[in-house]
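This report refers to the structure that appears directly beneath it.
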Amino acid sequence: MLPKTPLEHQLVSILAANHEDGHETQRKRCQELAGAAGLLHERFGLQKWANLGAKHVAFVVERWKADDGGRRSIHNKLSHLRWLVRKIGKANLLPRSNEELGVEPGPRYTRAGKFVPEPELAEILRPVTDPRLRTAILFGQHLGLRFREAMLFRPWRDWDGERVWVKRGTKGGRPRYLFLHNAKQRELLEQARALVGGGDAALIPAEARTFKAWAGKCYGRLRAAGMGRAADVLYHDLRRTYAGERMHYLIRMRGLTPEDAQRIVTRELGHNRREVLRWYLEDQQFLGAAPFQPCRPPASTGRDENKTAPASLDTCPSKVHSGDTYGL
């Protein structure tokens, strides 16, 4: 980016000091925020981001809405703007929810309630003969992993018997962890360990040249098994199912408030905003509507899960909020 205004000059420094997320996300963030800087310079002659106020933010948002680039486009732009106001210490200039700005949920959130019940999952798994692909599907259902995260997961290194670390293939390279809450999860992880053999091995077989090449083969097999847009069943729906079961467990069986449960599940899914989780589960009773039907009743692991995150997290160099009750 070649800076043209004082705001763009300052933006270069802010971006250079914060190399967060993937390269493509950083590129788009630079592009969108430079556009916002141009709008603010043209309309208000703003010279410093430190002087950014509510009227400036409202102006930019209204201009973006007027451009009508699509709901997904404006959601992405608002995400970048939120990133910026956090970095300059003015996070309160934007509400947590885009709906408060008059922006409807984007297309990817219109699949609320698209869960995969156990009978449907069994039908999908029936023609899948590759044990690694079967395990990846079950990782999505029972651990809430994205497809890339599932394939790059190392059962021997990323599970310490209590916590599951999600380190590779995450969005923006941000690692996270989650605690097990039923026996099925532990059984699945033990099977995955037996499958890959040990050490650094992941679900991607050793003969696969690249993740992209292996994923291409897997996508074809998933479509043949009845998972795809044509069948109206997406891999991401497995994550929604995990989110629903985890919320059910935390609220109905552990007695947490919906707000506390949302905070935990949002972190376990690798999201920054609880708004996304609420869109996933907007039709559920624990968020104010109809009851969720879990695939099977979650069984307690027998351990005391009411504890805070450990003070030392040497096994994973991730940033966590040590005061949060994550061990539920």
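Letters A, B, ... go to the chains of the structure tokens in the order shown; residues in each chain start at 1; ligands are counted from 1 in the same order.
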
I'd like to know which residues of segment 80-271 of chain A are strand (DSSP E or B) (by DSSP, run on the backbone); could you write them as a PyMOL selection string? chain A and resi 159+163-166+176-179+228+233

For the residues in that selection, give me C-alpha atoms as a JSON list (two decimals), in the first residue's frame.
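After the write, out.json holds the following:
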```json
[["chain", "number", "residue", "atom", "x", "y", "z"],
["A", 159, "TRP", "CA", -4.10, -34.49, 23.27],
["A", 163, "ARG", "CA", -7.19, -31.25, 26.99],
["A", 164, "VAL", "CA", -7.37, -31.29, 23.21],
["A", 165, "TRP", "CA", -5.10, -28.70, 21.62],
["A", 166, "VAL", "CA", -6.05, -27.35, 18.20],
["A", 176, "ARG", "CA", -6.94, -23.05, 21.18],
["A", 177, "TYR", "CA", -7.88, -25.91, 23.46],
["A", 178, "LEU", "CA", -10.96, -27.66, 24.79],
["A", 179, "PHE", "CA", -11.72, -30.14, 27.55],
["A", 228, "GLY", "CA", -22.15, -31.35, 0.24],
["A", 233, "VAL", "CA", -25.32, -31.28, 4.59]]
```

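When only C-alpha atoms are used to compute distances to His236 of chain A, the closest of the residues A:Ala183, A:Leu250, A:Ile137, A:Ile204 turns out to be A:Ile137.
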
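Reported to one decimal place, the separation of atom CA of Leu15 of chain A from atom CA of Arg72 of chain A is 22.9 Å.
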
Which polymer residues have any atom within 9 Å of an atom of Leu269 of chain A, counting only C-alpha atoms, with same-chain residues fewer than 4 positions away left out, as a list in words? Leu143, Gly144, Leu145, Arg146, Arg176, Leu178, Arg239, Ala243, Ile264, Val265 and Leu277 of chain A

Just C-alpha atoms for this one: save the residues we selected as a tab-separated table (two decimals), in the first residue's frame.
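Here's the written file part-v3.tsv:
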```
chain	number	residue	atom	x	y	z
A	143	LEU	CA	-14.64	-32.04	18.85
A	144	GLY	CA	-15.97	-29.20	16.70
A	145	LEU	CA	-12.90	-29.12	14.42
A	146	ARG	CA	-12.88	-27.59	10.96
A	176	ARG	CA	-6.94	-23.05	21.18
A	178	LEU	CA	-10.96	-27.66	24.79
A	239	ARG	CA	-19.31	-28.04	14.17
A	243	ALA	CA	-21.70	-26.51	19.63
A	264	ILE	CA	-16.64	-21.19	26.70
A	265	VAL	CA	-18.06	-22.70	23.51
A	277	LEU	CA	-22.35	-18.90	18.10
```

Show which residues sit within 12 Å of Pro127 of chain A, as a ChimeraX atom specification. Count only C-alpha atoms, and ignore same-chain residues fewer than 4 positions away. /A:121-123,131,133-134,221-227

Within 12 Å of Val61 of chain A, counting only C-alpha atoms, which residues show up once you throw out same-chain ones fewer than 6 positions away? Write them as a PyMOL selection string, please. chain A and resi 32-33+35-36+39-40+54-55+67-68+73-82+93-94+98+100-103

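Interatomic distance, atom CA of Asn272 of chain A against atom CA of Trp83 of chain A: 10.7 Å.
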
Alpha helix (DSSP H) residues, from DSSP on the backbone, in segment 58-190 of chain A, as a ChimeraX atom specification: /A:58-67,71-87,118-125,131-143,147-152,183-190

Would you mind listing what lies within 12 Å of segment 11-13 of chain A as a ChimeraX atom specification, with only C-alpha atoms counted and same-chain residues fewer than 6 positions away left out? /A:1-5,19,26-27,29-38,47-50,81,83-85,87-88

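Taking only C-alpha atoms, the non-local environment of Arg154 of chain A within 6 Å (same-chain residues fewer than 3 positions away omitted) comprises Arg157, Asp158, Ala201 and Ala202 of chain A.
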
Those selected residues, please, written with C-alpha atoms and delivered as a compact mmCIF listing (two decimals), in the first residue's frame.
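As written to disk, again-v2.txt reads:
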```txt
# COMPACT_ATOMS: atom_id res chain seq x y z
CA ARG A 157 0.94 -34.65 20.43
CA ASP A 158 -2.24 -32.59 20.55
CA ALA A 201 1.62 -38.33 12.64
CA ALA A 202 -1.64 -36.67 11.60
```

Let me make sure I understand: among A:Ala136, A:Ala230, A:Leu256, A:Leu46, which one has the smallest atom-to-atom distance to Gln10 of chain A if we use only C-alpha atoms? A:Leu46

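Across the structure, atom CA of Gly169 of chain A and atom CA of Arg278 of chain A are spaced 24.0 Å apart.
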